[in-house]
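**Q** Got a structure for you, written out below as structure tokens; questions coming shortly.
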Amino acid sequence: MTTMARKLITLDEFTIHETRQFPQAKGELSALLRDIGLACKLINKQVMKAGLVEGILGKQGSTNVQGEEQMKLDVYADNMLISVLRNSNDCAGIASEENDDALCFDDEFSVNSKYVVLFDPLDGSSNIDCNASIGTIFAIYRRVSPLGQPCTQADFMQSGKNLMAAGYVIYGSSTMMVYATRRGANGFTLEPSIGEFCLSHPNIQVKSEGKIYSINQGNWNKYSEGVKQYLTHCMNESYSHRYIGSMVADMHRTLIKGGIFMYPADSKNLQGKLRLLYECNPMAFLVEAAGGLASTGTERILDISPDKLHQRVPIFIGSKSMVERALACLAADQEVAAS
Ligand code: AHG
Ligand code: MN
Ligand code: MN
């Protein structure tokens, strides 16, 4: 029996097996994924205790760089990821939704590390206090700055198409890590008795046609005519509407069941709400690796050259045919507006 034929394949075993397909690879990406997995297991431990232990639920009493109110778990998750990645041999620096600037580690090991990691440490913060699913989203790039010195801002400002790996951990009815490389998307469920993520959803493929649409429909009055037309189409087709309000949870369902998730621009949020580097790029990379599509409405998400660290973009993401249909509605509306 080969190792990979055994029933439980751990995340570590899986990534090492993948690395062996590339003789020149040194296993740094595997080690980095293991480190991210470790940080997320520690965050998970805290999420599981929320409600029982003082000091986990509720507001921190501060705002982040984007003026959003921080929850205690946002801050805990951010600190945990930074602390684990600072100790990692393979991470030169990090950028986080919660911090103003990227953090370039300057110790003797990190300056020679090949990768930088960007993350949304706790996605769906508004769901923390009501025990709905939340998550951590991560994106890994190979740095473009020379080794031997601390990484630079340019290492973080890369297009999503340069991603080496990206994914999320969902703290849901079970805890899962789903991540993709160019070789495809795979899901791992945390087996609590051994504390390991184990392969449970190999080679995830998102259906090309789905029957679920996901959007904050309460914003209807602020949407463009094109968005309204697509939503009317979804209602005419009697598609189910599902919206948790945690991108990770809504995207996890979209990957598993098919469907479309949208956070469009609206008359109040002209660039939408979701962040390109911490939310949209990693999810777009994952969905494309699973055969789906992700667009701003006019441009492929992964093609965007970021102009700032905390840039926001509109997003239409999920099953290929559904996204194409949404884009057609948006384009038709643009044509009417231009004529
Ligand atoms: P975060 O908790 O990291 O700030 O992200 C929240 C995001 C995302 O998870 C979700 O899809 C969206 O905000 C929900 O926004 P609305 O409440 O405006 O629908
Ligand atoms: Mn988020
Ligand atoms: Mn967040």
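Each chain in the structure tokens gets a letter, A, B and so on, in the order shown; residues start at 1 in every chain, and ligands are counted from 1 in the order they appear.
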Check every protein, DNA and RNA residue against ligand 2, keep those with an atom at most 6 Å away (counting only C-alpha atoms and all ligand atoms), and present them as a list in words.
**A**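 Final answer, ordered by chain and number: Asp120, Asp123 and Gly124 of chain A.
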**Q** Can you tell me, as a PDB file with all heavy atoms, in the first residue's frame, what residues are no more than 10 Å from Val144 of chain A when counting only C-alpha atoms, ignoring any on the same chain fewer than 6 positions away?
**A**
```pdb
ATOM      1  N   LYS A 114      11.395  33.010   0.625  1.00  0.00           N
ATOM      2  CA  LYS A 114      10.939  33.264  -0.750  1.00  0.00           C
ATOM      3  C   LYS A 114       9.535  33.843  -0.863  1.00  0.00           C
ATOM      4  O   LYS A 114       9.169  34.401  -1.881  1.00  0.00           O
ATOM      5  CB  LYS A 114      10.898  31.907  -1.482  1.00  0.00           C
ATOM      6  CG  LYS A 114      12.092  31.601  -2.334  1.00  0.00           C
ATOM      7  CD  LYS A 114      11.674  30.560  -3.358  1.00  0.00           C
ATOM      8  CE  LYS A 114      12.463  29.300  -3.246  1.00  0.00           C
ATOM      9  NZ  LYS A 114      11.931  28.113  -3.808  1.00  0.00           N
ATOM     10  N   TYR A 115       8.714  33.640   0.166  1.00  0.00           N
ATOM     11  CA  TYR A 115       7.286  33.933  -0.001  1.00  0.00           C
ATOM     12  C   TYR A 115       6.794  35.052   0.903  1.00  0.00           C
ATOM     13  O   TYR A 115       7.335  35.279   1.995  1.00  0.00           O
ATOM     14  CB  TYR A 115       6.460  32.668   0.291  1.00  0.00           C
ATOM     15  CG  TYR A 115       6.753  31.554  -0.670  1.00  0.00           C
ATOM     16  CD1 TYR A 115       7.517  30.448  -0.287  1.00  0.00           C
ATOM     17  CD2 TYR A 115       6.298  31.610  -1.989  1.00  0.00           C
ATOM     18  CE1 TYR A 115       7.799  29.426  -1.184  1.00  0.00           C
ATOM     19  CE2 TYR A 115       6.586  30.592  -2.887  1.00  0.00           C
ATOM     20  CZ  TYR A 115       7.329  29.507  -2.480  1.00  0.00           C
ATOM     21  OH  TYR A 115       7.608  28.511  -3.372  1.00  0.00           O
ATOM     22  N   VAL A 116       5.738  35.734   0.450  1.00  0.00           N
ATOM     23  CA  VAL A 116       5.000  36.664   1.325  1.00  0.00           C
ATOM     24  C   VAL A 116       3.559  36.165   1.404  1.00  0.00           C
ATOM     25  O   VAL A 116       3.067  35.509   0.481  1.00  0.00           O
ATOM     26  CB  VAL A 116       5.040  38.125   0.816  1.00  0.00           C
ATOM     27  CG1 VAL A 116       6.454  38.673   0.863  1.00  0.00           C
ATOM     28  CG2 VAL A 116       4.436  38.256  -0.575  1.00  0.00           C
ATOM     29  N   CYS A 151      11.729  42.013   2.525  1.00  0.00           N
ATOM     30  CA  CYS A 151      10.851  42.151   1.364  1.00  0.00           C
ATOM     31  C   CYS A 151      10.365  43.600   1.270  1.00  0.00           C
ATOM     32  O   CYS A 151      10.621  44.401   2.175  1.00  0.00           O
ATOM     33  CB  CYS A 151       9.685  41.167   1.466  1.00  0.00           C
ATOM     34  SG  CYS A 151       8.620  41.437   2.884  1.00  0.00           S
ATOM     35  N   THR A 152       9.693  43.922   0.170  1.00  0.00           N
ATOM     36  CA  THR A 152       9.245  45.311  -0.046  1.00  0.00           C
ATOM     37  C   THR A 152       7.759  45.326  -0.397  1.00  0.00           C
ATOM     38  O   THR A 152       7.165  44.287  -0.687  1.00  0.00           O
ATOM     39  CB  THR A 152      10.008  45.957  -1.218  1.00  0.00           C
ATOM     40  OG1 THR A 152       9.635  45.255  -2.417  1.00  0.00           O
ATOM     41  CG2 THR A 152      11.512  45.885  -1.040  1.00  0.00           C
ATOM     42  N   GLN A 153       7.212  46.532  -0.431  1.00  0.00           N
ATOM     43  CA  GLN A 153       5.791  46.707  -0.766  1.00  0.00           C
ATOM     44  C   GLN A 153       5.445  46.050  -2.107  1.00  0.00           C
ATOM     45  O   GLN A 153       4.365  45.499  -2.281  1.00  0.00           O
ATOM     46  CB  GLN A 153       5.515  48.224  -0.821  1.00  0.00           C
ATOM     47  CG  GLN A 153       4.142  48.619  -1.290  1.00  0.00           C
ATOM     48  CD  GLN A 153       3.208  48.976  -0.125  1.00  0.00           C
ATOM     49  OE1 GLN A 153       3.517  48.736   1.041  1.00  0.00           O
ATOM     50  NE2 GLN A 153       2.073  49.536  -0.443  1.00  0.00           N
ATOM     51  N   ALA A 154       6.403  46.089  -3.062  1.00  0.00           N
ATOM     52  CA  ALA A 154       6.142  45.542  -4.400  1.00  0.00           C
ATOM     53  C   ALA A 154       5.815  44.045  -4.340  1.00  0.00           C
ATOM     54  O   ALA A 154       5.084  43.520  -5.185  1.00  0.00           O
ATOM     55  CB  ALA A 154       7.356  45.769  -5.300  1.00  0.00           C
ATOM     56  N   ASP A 155       6.358  43.343  -3.344  1.00  0.00           N
ATOM     57  CA  ASP A 155       6.099  41.904  -3.222  1.00  0.00           C
ATOM     58  C   ASP A 155       4.615  41.623  -2.957  1.00  0.00           C
ATOM     59  O   ASP A 155       4.102  40.561  -3.305  1.00  0.00           O
ATOM     60  CB  ASP A 155       6.936  41.308  -2.086  1.00  0.00           C
ATOM     61  CG  ASP A 155       8.424  41.430  -2.364  1.00  0.00           C
ATOM     62  OD1 ASP A 155       8.813  41.193  -3.525  1.00  0.00           O
ATOM     63  OD2 ASP A 155       9.182  41.765  -1.443  1.00  0.00           O
ATOM     64  N   PHE A 156       3.938  42.595  -2.333  1.00  0.00           N
ATOM     65  CA  PHE A 156       2.528  42.411  -1.966  1.00  0.00           C
ATOM     66  C   PHE A 156       1.585  42.929  -3.038  1.00  0.00           C
ATOM     67  O   PHE A 156       0.418  42.578  -3.054  1.00  0.00           O
ATOM     68  CB  PHE A 156       2.239  43.139  -0.641  1.00  0.00           C
ATOM     69  CG  PHE A 156       3.070  42.624   0.499  1.00  0.00           C
ATOM     70  CD1 PHE A 156       4.275  43.224   0.842  1.00  0.00           C
ATOM     71  CD2 PHE A 156       2.653  41.507   1.218  1.00  0.00           C
ATOM     72  CE1 PHE A 156       5.047  42.733   1.878  1.00  0.00           C
ATOM     73  CE2 PHE A 156       3.419  41.009   2.261  1.00  0.00           C
ATOM     74  CZ  PHE A 156       4.627  41.623   2.592  1.00  0.00           C
ATOM     75  N   MET A 157       2.104  43.815  -3.905  1.00  0.00           N
ATOM     76  CA  MET A 157       1.237  44.500  -4.879  1.00  0.00           C
ATOM     77  C   MET A 157       1.249  43.770  -6.216  1.00  0.00           C
ATOM     78  O   MET A 157       1.338  44.404  -7.271  1.00  0.00           O
ATOM     79  CB  MET A 157       1.726  45.943  -5.059  1.00  0.00           C
ATOM     80  CG  MET A 157       1.746  46.742  -3.782  1.00  0.00           C
ATOM     81  SD  MET A 157       0.118  47.219  -3.281  1.00  0.00           S
ATOM     82  CE  MET A 157      -0.151  48.544  -4.424  1.00  0.00           C
ATOM     83  N   GLN A 158       1.175  42.450  -6.187  1.00  0.00           N
ATOM     84  CA  GLN A 158       1.203  41.681  -7.423  1.00  0.00           C
ATOM     85  C   GLN A 158      -0.221  41.347  -7.869  1.00  0.00           C
ATOM     86  O   GLN A 158      -1.140  41.260  -7.048  1.00  0.00           O
ATOM     87  CB  GLN A 158       1.975  40.381  -7.209  1.00  0.00           C
ATOM     88  CG  GLN A 158       3.416  40.597  -6.766  1.00  0.00           C
ATOM     89  CD  GLN A 158       4.213  39.291  -6.798  1.00  0.00           C
ATOM     90  OE1 GLN A 158       4.256  38.596  -7.809  1.00  0.00           O
ATOM     91  NE2 GLN A 158       4.857  38.970  -5.692  1.00  0.00           N
TER      92      GLN A 158
END
```
**Q** Show me which residues line ligand 1, defined as having an atom within 10 Å of a ligand atom where only C-alpha atoms and all ligand atoms count, and present them as a PyMOL selection string.
**A** chain A and resi 64+66+68-71+74+97-98+119-128+134-137+214-219+243-251+261-263+269+272-275+278-279
**Q** Counting only C-alpha atoms and all ligand atoms, figure out which residue out of A:Leu118, A:Gly27, A:Ser145, A:Asp90 gets nearest to ligand 3.
**A**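 Of A:Leu118, A:Gly27, A:Ser145, A:Asp90, the one nearest ligand 3 is A:Leu118, counting only C-alpha atoms and all ligand atoms.
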**Q** Among segment 7-178 of chain A, which ones does DSSP assign to helix (DSSP H, G or I) (computed from the backbone)? Answer as a ChimeraX atom specification.
**A** /A:11-19,28-49,72-87,110-112,125-130,153-156,160-162
**Q** Measuring between only C-alpha atoms and all ligand atoms, which one of A:Glu237, A:Leu286, A:His310, A:Gln149 shows the shortest distance to ligand 3?
**A** A:His310
**Q** Identify, on the basis of only C-alpha atoms, every residue whose closest approach to Thr10 of chain A does not exceed 9 Å; exclude the query and any residue fewer than 3 positions from it along the same chain; express the result as a ChimeraX atom specification.
**A** /A:13-15,188,196-199
